[in-house]
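Below: the structure, in structure tokens.
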Amino acid sequence: MRVEFINPFLSSMLNVMSTMAQMELVPEKPKLKKDEVAKGDVSGLIGMVSPETKGSLSITFDAPLALATMKGMVGEAPDEVNDEITDLVGEITNMVTGGAKRMLSEKGIEFDMATPIVVSGKSHTIHHKSKGPVVIISLKGDAGRAYIEFSFDE
């Protein structure tokens, strides 16, 4: 796993959550993920292709954190995960990937991105579009956790 791909996505995620939802998340140590079961309740998954590699990124939120994120961004939130929340997770996935894409472009690495897919529900699965290992980073917030996963072809 190439660290120059991971850091822009992590940095972009922290920036989006801080500026858009007024939420500080604290990243924990990256780990290798061994299965496809999501750690949280709502996931945005986006595929990426560059001349150097292809891969995917997912951002998964615990339901309480997803609800708190919406409240932080728009001032109100539903009581449970619904279409508004899944739309929000898709938008956050887009914003994070767009921010990372800008940072990578400055380093001469260009990516084309697909439209995010959003999946929700307890124990839903995430199928990454690459042959490489899946790295997961847990992000701890006051309202719960988010998880960012990366997988790129070696």
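Chain labels follow the order of the structure tokens: the first chain is A, the next B, and so on; residue numbering restarts at 1 in every chain, and ligands are counted from 1 in their shown order.
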
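Excluding Ala114 of chain A itself and any same-chain residue fewer than 4 positions from it, the protein and nucleic acid residues within 10 Å of it, counting only C-alpha atoms, are Leu45, Ile46, Gly47, Met48, Val49, Ser56 and Asn94 of chain A.
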
Test item: residues at most 10 Å from Glu28 of chain A, only C-alpha atoms, excluding those fewer than 2 positions along its chain, as a VMD selection string: chain A and resid 25 to 26 30 to 31 136 to 140 147

Print the selection's residues with C-alpha atoms to a file, as a short mmCIF file (atom, residue, chain, number, x, y, z; two decimals), in the first residue's frame.
data_model
loop_
_atom_site.label_atom_id
_atom_site.label_comp_id
_atom_site.auth_asym_id
_atom_site.auth_seq_id
_atom_site.Cartn_x
_atom_site.Cartn_y
_atom_site.Cartn_z
CA LEU A 25 -12.15 13.17 14.39
CA VAL A 26 -9.01 11.54 15.75
CA PRO A 30 -4.00 1.92 10.26
CA LYS A 31 -4.71 -1.82 10.19
CA ILE A 136 -8.68 0.52 7.44
CA ILE A 137 -8.27 3.54 9.70
CA SER A 138 -10.72 4.14 12.53
CA LEU A 139 -11.57 7.79 13.22
CA LYS A 140 -12.90 8.50 16.70
CA TYR A 147 -13.87 4.19 9.22
#

Please run DSSP on the backbone and report, as a ChimeraX atom specification, all residues within segment 24-153 of chain A that come out as helix (DSSP H, G or I). /A:63-74,83-106

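Ranking A:Glu149, A:Glu80, A:Asp87, A:Glu154 by their shortest atom-to-atom distance to Gly121 of chain A, with only C-alpha atoms included, puts A:Glu80 first.
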
Fewer than 5 positions away in the same chain doesn't count, so skip those; otherwise give me all residues within 6 Å of Asp62 of chain A, counting only C-alpha atoms, as number ranges by chain. A: 40-41, 145

Generate the output file for the selected residues, C-alpha atoms, as a CSV table (one decimal), in the first residue's frame.
chain,number,residue,atom,x,y,z
A,40,GLY,CA,-20.3,0.8,10.8
A,41,ASP,CA,-23.8,1.3,9.6
A,145,ARG,CA,-16.7,6.4,14.8

What residues in segment 14-114 of chain A get the DSSP label strand (DSSP E or B)? Please answer as a ChimeraX atom specification. /A:26-27,31-33,37,42-49,54-61,112-113

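Excluding Gly144 of chain A and any residue on its chain fewer than 2 positions from it, the residues at most 8 Å away by only C-alpha atoms are Phe61, Asp62, Ala63, Pro64, Leu65, Lys140, Gly141, Asp142 and Ala146 of chain A.
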
Between atom CA of Ile59 of chain A and atom CA of Lys131 of chain A, what is the distance in Å, rounded to a tenth? 18.8 Å
